[in-house]
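One structure is given below, encoded as structure tokens.
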Amino acid sequence: MLCKYAIFLLLNLFLMTGCTTAPPAPLVPPGEPLAPAEAAPVVAPEPEAPTEPAKKVYLTFDDGPNSYYTGLVLDVLKEYDIKASFAVLGCNIDKNPDVFKKILDEGHGIVNHSYSHDYKNIYSNPQAFLADLEACNESIARIRGNGVKIFRAPGGPSKLDRETFELLEQNGYISVSWNVTSADTDPGGASPEQIIANVQNGIIRMESFEKAPIVLMHDGTEINRSKNPPGSAVANYIRNRESIVAALPEIIEFLMARNYTFALVDENTPPAW
Ligand SMILES: [Zn+2]
């Protein structure tokens with residue numbers, strides 16, 4: 001019995017060792033690192049997709065170019081290295097062509113805001129409105145080489161009737177409005193603090209609607225800045241212009257802190273409402 005068992009063991013040993021031509025597969029001791037060739041490739045992590053699209057804000061300044069205030073606004077914009085759009089009047093381009101050139105040279109956007117801003121004339125009939133836009137474009141084109149089809153109606157688009165809108169559309173014009181106002185046309189004169197609060201509240205409101213803020217401010221029409229008694233309409237107008245210039249850095253810093261990019265008004269600007 002013992003002898004039979006010994007033969008069985010020997011036979012098994014022979015079968016396991018002597019009769020196999022293929023070498024036994026090497027064993028990798030547990031915990032041993034794999035050879036480099038067999039290691040799982042190192043995959044670079046996918047760059048994280050931005051959690052939200054770029055937030056755009058449109059700063060706009062109406063009624064210039066102004067021989068005094070436009071330059072001050074441009075200086076603040078340059079200091080922060082940001083761009084804005086100027087809704088210009090043809091009559092003020094003709095008075096201040098060098099200021100208009102400066103706006104262009106510094107890379108800001110241009111919007112046609114009519115030649116005269118004269119409500120009585122431009123809102124008398126659709127053709128009068130179109131003619132005033134075309135006159136503004138002639139002033140723009142004399143310096144820039146071509147006009148612009150983006151326009152902002154003086155007083156806002158609610159002043160335009162359907163017939164005028166249709167005529168403008170036929171002529172390729174695109175309206176741009178606003179959805180945040182600085183209220184810097186307050187006839188009583190606004191302080192920088194009021195203007196900052198107006199804009200900040202407006203921005204927060206637009207965020208709740210998920211709308212890109214289009215901020216209305218004024219560098220202002222050309223005026224005689226001398227000899228204006230305190231409390232007069234022109235004195236308050238001047239106070240508003242000074243308040244805008246003073247408020248602008250804090251408005252810009254507020255927007256930068258909220259990760260806005262400063263975009264130029266063009267045909268791709270989303271509607272204000
Ligand atoms: Zn205006």
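By convention in this document, the chains of the structure tokens carry letters A, B, ... by their order, each chain's residues are numbered from 1, and ligands are numbered from 1 in the order they are shown.
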message: Can you pull out every residue with an atom within 9 Å of ligand 1? Use only C-alpha atoms and all ligand atoms and format it as a list in words.
response: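 Using only C-alpha atoms and all ligand atoms, I find these residues within 9 Å of ligand 1: Phe61, Asp62, Asp63, Gly64, Ala87, Val88, Leu89, His113, Ser114, His117, Arg152, Ala153, Pro154, Gly155, Gly156, His218, Gly220 and Thr221 of chain A.
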task: DSSP on the backbone, then: every residue of stretch 68-261 of chain A marked alpha helix (DSSP H), written as a PyMOL selection string.
output: chain A and resi 69-80+90-95+97-105+119-122+126-144+162-170+192-208+233-257
- request: Point out the residue among A:Pro213, A:Pro249, A:Gly71, A:Gly109 with the least atom-to-atom distance to A:Asn179, counting only C-alpha atoms.
  value: A:Pro213
message: When you look at A:Gly107 with a cut-off of 9 Å (counting only C-alpha atoms), what residues show up, excluding the ones that are within fewer than 3 positions of it in the same chain? I need them as number ranges by chain.
response: A: 83-84, 102-104
query: Skipping near chain neighbours, those fewer than 2 positions away, what residues fall within 8 Å of A:Cys136 using only C-alpha atoms, listed as a list in words?
result: Leu89, Gly90, Cys91, Asn112, His113, Ser114, Tyr115, Asp132, Leu133, Glu134, Glu138, Ser139 and Ile140 of chain A
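One finds atom CA of A:Val73 at 27.7 Å from atom CA of A:Ser158.
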May I have a table of the residues of stretch 130-194 of chain A lying at most 9 Å from stretch 198-204 of chain A, giving each one's closest pair of atoms and their distance in Å to one decimal, counting only C-alpha atoms, ordered by chain and ascending residue number, as a Markdown table?
```
| residue | atom | partner | partner_atom | distance |
| --- | --- | --- | --- | --- |
| A:Asn179 | CA | A:Gly202 | CA | 7.6 |
| A:Val180 | CA | A:Gly202 | CA | 5.0 |
| A:Thr181 | CA | A:Val199 | CA | 6.3 |
| A:Ser182 | CA | A:Val199 | CA | 5.2 |
| A:Ala183 | CA | A:Asn198 | CA | 7.0 |
| A:Glu193 | CA | A:Asn198 | CA | 8.5 |
| A:Gln194 | CA | A:Asn198 | CA | 6.0 |
```
- request: Give me every strand (DSSP E or B) residue in stretch 15-210 of chain A, going by DSSP on the backbone, as a list of chain:residue names.
  value: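 For stretch 15-210 of chain A, the strand (DSSP E or B) set is A:Lys55, A:Lys56, A:Val57, A:Tyr58, A:Leu59, A:Thr60, A:Phe61, A:Asp62, A:Ser85, A:Phe86, A:Ala87, A:Val88, A:Gly109, A:Ile110, A:Val111, A:Asn112, A:Ile150, A:Phe151, A:Ile174, A:Ser175, A:Val180, A:Thr181.
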- request: Please provide as a ChimeraX atom specification all residues within 8 Å of A:Ile174, with the sequence filter that same-chain residues fewer than 3 positions apart are discarded (counting only C-alpha atoms).
  value: /A:149-151,168-169,267
- prompt: What gap, in Å, lies between atom CA of A:Ala247 and atom CA of A:Pro192?
  reply: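 According to the coordinates, atom CA of A:Ala247 and atom CA of A:Pro192 are separated by 4.9 Å.
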message: Excluding A:Tyr80 and its own-chain neighbours fewer than 5 positions away, which residues fall within 9 Å of it when counting only C-alpha atoms? Please give them as a list in words.
response: Asp75, Pro249, Ile252 and Glu253 of chain A
Serialized selection, N, CA, C and O atoms, as a PDB file, in the first residue's frame:
```pdb
ATOM      1  N   ASP A  75     -10.128 107.814 -19.954  1.00  0.00           N
ATOM      2  CA  ASP A  75      -8.978 107.598 -19.064  1.00  0.00           C
ATOM      3  C   ASP A  75      -9.258 106.494 -18.042  1.00  0.00           C
ATOM      4  O   ASP A  75      -8.387 105.667 -17.753  1.00  0.00           O
ATOM      5  N   PRO A 249     -14.941 103.944 -11.521  1.00  0.00           N
ATOM      6  CA  PRO A 249     -14.014 102.917 -11.006  1.00  0.00           C
ATOM      7  C   PRO A 249     -14.713 101.886 -10.118  1.00  0.00           C
ATOM      8  O   PRO A 249     -14.470 100.681 -10.255  1.00  0.00           O
ATOM      9  N   ILE A 252     -16.813  99.502 -12.210  1.00  0.00           N
ATOM     10  CA  ILE A 252     -15.961  98.540 -12.928  1.00  0.00           C
ATOM     11  C   ILE A 252     -15.439  97.473 -11.960  1.00  0.00           C
ATOM     12  O   ILE A 252     -15.467  96.270 -12.272  1.00  0.00           O
ATOM     13  N   GLU A 253     -14.993  97.896 -10.790  1.00  0.00           N
ATOM     14  CA  GLU A 253     -14.458  96.924  -9.817  1.00  0.00           C
ATOM     15  C   GLU A 253     -15.542  95.966  -9.339  1.00  0.00           C
ATOM     16  O   GLU A 253     -15.289  94.771  -9.149  1.00  0.00           O
TER      17      GLU A 253
END
```
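The closest residue to A:Tyr123, picked from A:Ala135, A:Leu160, A:Ala272, A:Ala141 and counting only C-alpha atoms, is A:Leu160.
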task: Can you work out the spacing between atom CA of A:Ala190 and atom CA of A:Val57 in Å, to one decimal?
output: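 Going from atom CA of A:Ala190 over to atom CA of A:Val57, I get 22.7 Å.
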Option closest in space to A:Lys95, from A:Glu250, A:Glu222, A:Asp266, A:Glu163 [counting only C-alpha atoms]: A:Glu222
